[in-house]
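Structure file target-v9.cif (mmCIF, C-alpha atoms and all ligand atoms) is printed below.
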data_input
loop_
_atom_site.group_PDB
_atom_site.id
_atom_site.type_symbol
_atom_site.label_atom_id
_atom_site.label_comp_id
_atom_site.auth_asym_id
_atom_site.auth_seq_id
_atom_site.Cartn_x
_atom_site.Cartn_y
_atom_site.Cartn_z
ATOM 1 C CA MET X 29 -12.592 -11.319 4.267
ATOM 2 C CA ASN X 30 -9.887 -11.282 6.912
ATOM 3 C CA ILE X 31 -6.590 -9.434 7.197
ATOM 4 C CA ARG X 32 -3.416 -11.150 8.370
ATOM 5 C CA ARG X 33 0.372 -10.761 8.172
ATOM 6 C CA ALA X 34 1.753 -11.910 4.827
ATOM 7 C CA ARG X 35 3.946 -15.029 4.701
ATOM 8 C CA TYR X 36 6.556 -16.440 2.344
ATOM 9 C CA THR X 37 3.938 -18.711 0.781
ATOM 10 C CA ASP X 38 1.955 -15.603 -0.279
ATOM 11 C CA ILE X 39 4.759 -14.194 -2.453
ATOM 12 C CA ALA X 40 3.487 -15.661 -5.732
ATOM 13 C CA LEU X 41 0.046 -14.126 -5.217
ATOM 14 C CA LEU X 42 1.407 -10.787 -3.982
ATOM 15 C CA SER X 43 3.547 -10.598 -7.129
ATOM 16 C CA ALA X 44 0.619 -11.638 -9.337
ATOM 17 C CA ILE X 45 -1.512 -8.812 -7.929
ATOM 18 C CA GLU X 46 1.326 -6.341 -8.557
ATOM 19 C CA ASP X 47 1.564 -7.560 -12.164
ATOM 20 C CA LEU X 48 -2.133 -6.854 -12.652
ATOM 21 C CA GLN X 49 -2.047 -3.371 -11.154
ATOM 22 C CA PRO X 50 -0.066 -0.741 -13.099
ATOM 23 C CA TYR X 51 0.577 1.656 -10.202
ATOM 24 C CA SER X 52 1.844 -0.893 -7.663
ATOM 25 C CA ALA X 53 5.519 -0.946 -6.688
ATOM 26 C CA LYS X 54 6.490 -4.140 -8.608
ATOM 27 C CA TRP X 55 8.756 -5.748 -6.021
ATOM 28 C CA GLY X 56 8.231 -9.148 -7.639
ATOM 29 C CA PRO X 57 9.367 -12.554 -6.346
ATOM 30 C CA ARG X 58 12.896 -11.163 -5.748
ATOM 31 C CA GLY X 59 11.836 -8.077 -3.797
ATOM 32 C CA TRP X 60 9.108 -9.456 -1.556
ATOM 33 C CA PRO X 61 11.253 -11.805 0.577
ATOM 34 C CA ALA X 62 13.236 -8.877 2.015
ATOM 35 C CA GLU X 63 10.002 -7.119 3.034
ATOM 36 C CA LEU X 64 8.849 -10.244 4.865
ATOM 37 C CA VAL X 65 12.000 -10.638 6.960
ATOM 38 C CA GLU X 66 13.080 -7.029 7.521
ATOM 39 C CA GLY X 67 12.305 -6.086 11.140
ATOM 40 C CA ILE X 68 10.942 -2.646 10.298
ATOM 41 C CA SER X 69 8.721 -3.895 7.449
ATOM 42 C CA TYR X 70 5.097 -4.838 7.814
ATOM 43 C CA VAL X 71 3.030 -6.542 5.139
ATOM 44 C CA TRP X 72 -0.662 -7.231 5.672
ATOM 45 C CA CYS X 73 -2.813 -9.076 3.198
ATOM 46 C CA ALA X 74 -6.551 -9.327 2.695
ATOM 47 C CA VAL X 75 -7.722 -12.919 2.294
ATOM 48 C CA LYS X 76 -11.055 -14.109 0.931
ATOM 49 C CA GLU X 77 -11.883 -17.800 0.585
ATOM 50 C CA GLU X 78 -8.196 -18.565 1.258
ATOM 51 C CA GLN X 79 -7.053 -16.370 -1.659
ATOM 52 C CA VAL X 80 -4.913 -13.287 -1.169
ATOM 53 C CA ILE X 81 -6.845 -10.463 -2.852
ATOM 54 C CA GLY X 82 -4.894 -7.401 -1.733
ATOM 55 C CA PHE X 83 -2.053 -6.117 0.397
ATOM 56 C CA VAL X 84 -0.534 -3.110 2.123
ATOM 57 C CA ALA X 85 3.190 -2.856 2.922
ATOM 58 C CA TYR X 86 4.961 -0.238 5.007
ATOM 59 C CA ARG X 87 8.093 0.420 7.010
ATOM 60 C CA GLN X 88 7.946 1.881 10.474
ATOM 61 C CA VAL X 89 10.801 3.298 12.542
ATOM 62 C CA ALA X 90 10.685 5.441 15.681
ATOM 63 C CA GLY X 91 7.242 6.940 15.225
ATOM 64 C CA PHE X 92 7.690 7.513 11.496
ATOM 65 C CA CYS X 93 5.994 5.286 8.958
ATOM 66 C CA GLU X 94 6.105 5.133 5.167
ATOM 67 C CA ILE X 95 3.507 3.203 3.198
ATOM 68 C CA LEU X 96 5.381 1.693 0.241
ATOM 69 C CA ASN X 97 3.047 -0.584 -1.648
ATOM 70 C CA VAL X 98 -0.728 -1.091 -1.748
ATOM 71 C CA ALA X 99 -2.792 -2.999 -4.295
ATOM 72 C CA VAL X 100 -6.017 -4.933 -4.644
ATOM 73 C CA HIS X 101 -6.675 -7.626 -7.254
ATOM 74 C CA PRO X 102 -8.737 -6.006 -10.051
ATOM 75 C CA ALA X 103 -11.544 -8.554 -9.592
ATOM 76 C CA HIS X 104 -12.002 -7.322 -6.004
ATOM 77 C CA CYS X 105 -11.612 -3.579 -6.477
ATOM 78 C CA ARG X 106 -14.259 -1.111 -5.386
ATOM 79 C CA GLN X 107 -15.531 -3.486 -2.694
ATOM 80 C CA GLY X 108 -13.887 -1.820 0.288
ATOM 81 C CA VAL X 109 -10.758 -4.018 0.362
ATOM 82 C CA GLY X 110 -8.255 -1.172 -0.081
ATOM 83 C CA SER X 111 -9.892 0.970 2.577
ATOM 84 C CA ALA X 112 -10.094 -2.005 4.984
ATOM 85 C CA LEU X 113 -6.369 -2.720 4.477
ATOM 86 C CA LEU X 114 -5.474 0.917 5.006
ATOM 87 C CA ALA X 115 -7.646 1.216 8.126
ATOM 88 C CA HIS X 116 -6.049 -1.949 9.521
ATOM 89 C CA ALA X 117 -2.561 -0.669 8.773
ATOM 90 C CA LEU X 118 -3.264 2.685 10.452
ATOM 91 C CA GLN X 119 -4.585 0.919 13.534
ATOM 92 C CA GLU X 120 -1.467 -1.298 13.735
ATOM 93 C CA ILE X 121 0.866 1.654 13.105
ATOM 94 C CA LYS X 122 -0.727 3.487 16.020
ATOM 95 C CA LYS X 123 -0.502 0.396 18.251
ATOM 96 C CA GLU X 124 3.239 0.195 17.496
ATOM 97 C CA GLY X 125 3.738 3.830 18.491
ATOM 98 C CA GLY X 126 3.599 5.392 15.037
ATOM 99 C CA GLN X 127 2.778 9.077 14.811
ATOM 100 C CA THR X 128 3.376 10.256 11.262
ATOM 101 C CA VAL X 129 2.454 8.294 8.156
ATOM 102 C CA THR X 130 3.632 9.327 4.715
ATOM 103 C CA LEU X 131 3.351 7.946 1.193
ATOM 104 C CA GLU X 132 3.896 8.883 -2.443
ATOM 105 C CA VAL X 133 1.311 8.546 -5.165
ATOM 106 C CA ASN X 134 1.506 9.195 -8.897
ATOM 107 C CA GLU X 135 -0.159 12.471 -9.884
ATOM 108 C CA TYR X 136 -2.294 10.547 -12.419
ATOM 109 C CA ASN X 137 -3.378 7.808 -10.010
ATOM 110 C CA LEU X 138 -6.744 9.295 -9.085
ATOM 111 C CA PRO X 139 -8.309 6.143 -7.539
ATOM 112 C CA ALA X 140 -5.453 5.820 -5.034
ATOM 113 C CA GLN X 141 -5.534 9.551 -4.279
ATOM 114 C CA ALA X 142 -9.274 9.250 -3.543
ATOM 115 C CA LEU X 143 -8.626 6.235 -1.314
ATOM 116 C CA TYR X 144 -5.970 8.087 0.680
ATOM 117 C CA ARG X 145 -8.018 11.267 1.050
ATOM 118 C CA GLN X 146 -10.950 9.182 2.259
ATOM 119 C CA ALA X 147 -8.601 7.591 4.815
ATOM 120 C CA GLY X 148 -7.668 11.006 6.207
ATOM 121 C CA PHE X 149 -4.442 11.716 4.295
ATOM 122 C CA GLN X 150 -3.715 15.212 3.035
ATOM 123 C CA GLU X 151 -1.510 16.316 0.180
ATOM 124 C CA ALA X 152 1.698 17.766 1.624
ATOM 125 C CA GLY X 153 4.030 18.223 -1.335
ATOM 126 C CA ARG X 154 5.151 17.131 -4.776
ATOM 127 C CA ARG X 155 8.297 15.477 -6.154
ATOM 128 C CA LYS X 156 8.763 16.594 -9.754
ATOM 129 C CA ASN X 157 9.350 13.919 -12.410
ATOM 130 C CA PHE X 158 9.619 11.231 -9.753
ATOM 131 C CA TYR X 159 8.128 8.391 -11.837
ATOM 132 C CA HIS X 160 9.843 7.425 -15.119
ATOM 133 C CA GLY X 161 11.479 10.864 -15.145
ATOM 134 C CA LYS X 162 8.251 12.548 -16.255
ATOM 135 C CA GLU X 163 5.352 12.009 -13.831
ATOM 136 C CA ASP X 164 5.204 13.782 -10.481
ATOM 137 C CA ALA X 165 4.720 12.095 -7.122
ATOM 138 C CA LEU X 166 2.328 13.686 -4.687
ATOM 139 C CA ILE X 167 3.303 13.310 -1.050
ATOM 140 C CA PHE X 168 0.407 12.492 1.243
ATOM 141 C CA ASN X 169 0.671 12.578 5.035
ATOM 142 C CA ARG X 170 -1.471 11.974 8.064
ATOM 143 C CA THR X 171 -0.957 11.555 11.761
ATOM 144 C CA VAL X 172 -2.383 8.598 13.654
HETATM 145 C C1 LIG M 201 -6.129 2.118 -5.154
HETATM 146 C C2 LIG M 201 -6.655 0.732 -4.812
HETATM 147 C C3 LIG M 201 -5.727 0.057 -3.796
HETATM 148 C C4 LIG M 201 -8.049 0.899 -4.211
HETATM 149 O O1 LIG M 201 -8.499 -0.365 -3.735
HETATM 150 P P1 LIG M 201 -10.068 -0.691 -3.624
HETATM 151 O O2 LIG M 201 -10.210 -1.945 -2.853
HETATM 152 O O3 LIG M 201 -10.689 -0.638 -4.952
HETATM 153 O O4 LIG M 201 -10.575 0.545 -2.760
HETATM 154 P P2 LIG M 201 -11.960 0.650 -1.966
HETATM 155 O O5 LIG M 201 -13.014 -0.193 -2.616
HETATM 156 O O6 LIG M 201 -11.705 0.423 -0.525
HETATM 157 O O7 LIG M 201 -12.316 2.175 -2.230
HETATM 158 C C5 LIG M 201 -12.153 3.176 -1.219
HETATM 159 C C6 LIG M 201 -12.274 4.536 -1.875
HETATM 160 O O8 LIG M 201 -11.196 4.760 -2.780
HETATM 161 C C7 LIG M 201 -11.663 5.527 -3.905
HETATM 162 N N1 LIG M 201 -11.564 4.721 -5.121
HETATM 163 C C8 LIG M 201 -11.192 3.428 -5.241
HETATM 164 N N2 LIG M 201 -11.178 3.065 -6.540
HETATM 165 C C9 LIG M 201 -11.544 4.145 -7.241
HETATM 166 C C10 LIG M 201 -11.708 4.401 -8.639
HETATM 167 N N3 LIG M 201 -11.475 3.450 -9.554
HETATM 168 N N4 LIG M 201 -12.065 5.639 -9.030
HETATM 169 C C11 LIG M 201 -12.272 6.615 -8.122
HETATM 170 N N5 LIG M 201 -12.149 6.431 -6.766
HETATM 171 C C12 LIG M 201 -11.787 5.217 -6.350
HETATM 172 C C13 LIG M 201 -13.109 5.864 -3.600
HETATM 173 O O9 LIG M 201 -13.121 7.068 -2.868
HETATM 174 C C14 LIG M 201 -13.509 4.694 -2.727
HETATM 175 O O10 LIG M 201 -14.618 4.960 -1.902
HETATM 176 P P3 LIG M 201 -16.107 4.671 -2.465
HETATM 177 O O11 LIG M 201 -16.101 3.292 -3.063
HETATM 178 O O12 LIG M 201 -16.934 4.802 -1.235
HETATM 179 O O13 LIG M 201 -16.357 5.734 -3.492
HETATM 180 C C15 LIG M 201 -6.783 -0.145 -6.093
HETATM 181 O O14 LIG M 201 -7.490 0.587 -7.077
HETATM 182 C C16 LIG M 201 -5.462 -0.572 -6.671
HETATM 183 O O15 LIG M 201 -4.956 -1.645 -6.367
HETATM 184 N N6 LIG M 201 -4.883 0.291 -7.522
HETATM 185 C C17 LIG M 201 -3.600 -0.034 -8.199
HETATM 186 C C18 LIG M 201 -2.427 0.018 -7.265
HETATM 187 C C19 LIG M 201 -2.262 1.407 -6.690
HETATM 188 O O16 LIG M 201 -2.615 2.397 -7.297
HETATM 189 N N7 LIG M 201 -1.690 1.447 -5.491
HETATM 190 C C20 LIG M 201 -1.409 2.702 -4.830
HETATM 191 C C21 LIG M 201 -0.054 3.191 -5.208
HETATM 192 S S1 LIG M 201 0.342 4.694 -4.368
#
Please go through the file and, once you have read it, give me the structure as C-alpha cells.
Amino acid sequence: MNIRRARYTDIALLSAIEDLQPYSAKWGPRGWPAELVEGISYVWCAVKEEQVIGFVAYRQVAGFCEILNVAVHPAHCRQGVGSALLAHALQEIKKEGGQTVTLEVNEYNLPAQALYRQAGFQEAGRRKNFYHGKEDALIFNRTV
C-alpha cells in the first residue's frame, strides 16, 4: 500500500467509498472537486494494487488543522489503513507548520473514536444534536 495526494481521476472511487461507509462526510462527485483545488485543503489516499482503498481529507490554515473526512473501503478495514492514513496526515500537518488538529466524530461511531484515541487524540468537548438534529458530535483534539 502507498499513500499519495488524491487527484481528479480518483473522485469516482472516493465517492464510492463514502457511499459504502455510513459515517463518512458524503461530499460526493459534486463536493470532492472543491477539496482537490482549494489551497488550504489536503486529500491523501491509500492505494493498493492501483485501487484507492481509503482517504483522509483536512483543511489547514495558520497552524490550525481540521480533519473533515476519513474513510476506508469496507473490504480493507481493520488492516491498518485508517491508522496509516492518519499517521501520514499528522506527519504532513506537522511538516506544514500545523500545531493543533481537531475533528468531530459521531457519539455512536465507536470504531472511529477508537482509531482517533489510538492516534493520540483526546476528547475535548461535545456538540449537542450536531448530526441529524439528534446525535451528538464529540470534539477530539491533539497537538502535533
Ligand atoms: C474508522 C475507519 C476509518 C477505521 O479504518 P481502519 O482502516 O479499519 O482502521 P485501522 O485498521 O487502522 O484500525 C486502527 C484502530 O482503530 C480502531 N478500530 C478500527 N475499526 C474498529 C472497529 N470496527 N471496532 C473497534 N475499533 C476499531 C482499533 O483501535 C484499531 O486498532 P487495532 O486494529 O489495533 O485494534 C473505518 O472504520 C471507516 O471508514 N469508518 C467509516 C467512516 C468513518 O467513521 N469515518 C470517521 C468519521 S469521523
**Item:** Pick from X:Ala115, X:Ala147, X:Val71, X:Cys93, whichever lies nearest to Arg32 in chain X using all atoms listed in the file
**Value:** X:Val71
**Request:** Go ahead and compute the interatomic distance for CA of Leu143 in chain X and CA of Trp60 in chain X, in Å to one decimal.
**Result:**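 So the answer is 23.7 Å.
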**Request:** Fewer than 4 positions away in the same chain doesn't count, so skip those; otherwise give me all residues within 6 Å of range 126-133 of chain X, counting all atoms listed in the file, as an MDAnalysis selection string.
**Result:** chainID X and resid 91:95 121:122 165:172
Keeping only C-alpha atoms, write the selected residues to a file as a PDB file, in the frame of the given file.
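again.pdb written:
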ATOM      1  CA  GLY X  91       7.242   6.940  15.225  1.00  0.00           C
ATOM      2  CA  PHE X  92       7.690   7.513  11.496  1.00  0.00           C
ATOM      3  CA  CYS X  93       5.994   5.286   8.958  1.00  0.00           C
ATOM      4  CA  GLU X  94       6.105   5.133   5.167  1.00  0.00           C
ATOM      5  CA  ILE X  95       3.507   3.203   3.198  1.00  0.00           C
ATOM      6  CA  ILE X 121       0.866   1.654  13.105  1.00  0.00           C
ATOM      7  CA  LYS X 122      -0.727   3.487  16.020  1.00  0.00           C
ATOM      8  CA  ALA X 165       4.720  12.095  -7.122  1.00  0.00           C
ATOM      9  CA  LEU X 166       2.328  13.686  -4.687  1.00  0.00           C
ATOM     10  CA  ILE X 167       3.303  13.310  -1.050  1.00  0.00           C
ATOM     11  CA  PHE X 168       0.407  12.492   1.243  1.00  0.00           C
ATOM     12  CA  ASN X 169       0.671  12.578   5.035  1.00  0.00           C
ATOM     13  CA  ARG X 170      -1.471  11.974   8.064  1.00  0.00           C
ATOM     14  CA  THR X 171      -0.957  11.555  11.761  1.00  0.00           C
ATOM     15  CA  VAL X 172      -2.383   8.598  13.654  1.00  0.00           C
TER      16      VAL X 172
END
**Item:** Env. residues ligand LIG 201 (chain M) / 8 Å / all atoms listed in the file / as an NGL selection string
**Value:** :X and (46 or 49-53 or 82 or 96-102 or 104-113 or 131-134 or 137-146)
**Residues matched by the PyMOL selection byres (((chain X and resi 30) around 8) and not hetatm), written as a list in words** =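 Evaluating the PyMOL selection byres (((chain X and resi 30) around 8) and not hetatm) on this file yields Met29, Ile31, Arg32, Ala74, Val75 and Lys76 of chain X.
Between CA of Ile81 in chain X and CA of Ser43 in chain X the interatomic distance comes to 11.2 Å.
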**Request:** Could you list the residues chosen by the PyMOL selection byres (((chain X and resi 35-41) around 7) and not hetatm) in this structure as a PyMOL selection string?
**Result:** chain X and resi 33-34+42-45+57+60-61+64+80
**Prompt:** Mind pulling up the distance from CA of Arg87 in chain X to CA of Arg154 in chain X?
**Reply:**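 For CA of Arg154 in chain X relative to CA of Arg87 in chain X, the distance reads 20.7 Å.
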**Request:** Counting only C-alpha atoms, figure out which residue out of X:Leu118, X:Val84, X:Ala152, X:Val89 gets nearest to Ile68 in chain X.
**Result:**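 The closest residue to Ile68 in chain X is X:Val89.
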**Item:** Residue nearest Leu114 in chain X among X:Ala90, X:Tyr159, X:Tyr136, X:Gly148 (counting all atoms listed in the file)
**Value:**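 Closest candidate: X:Gly148.
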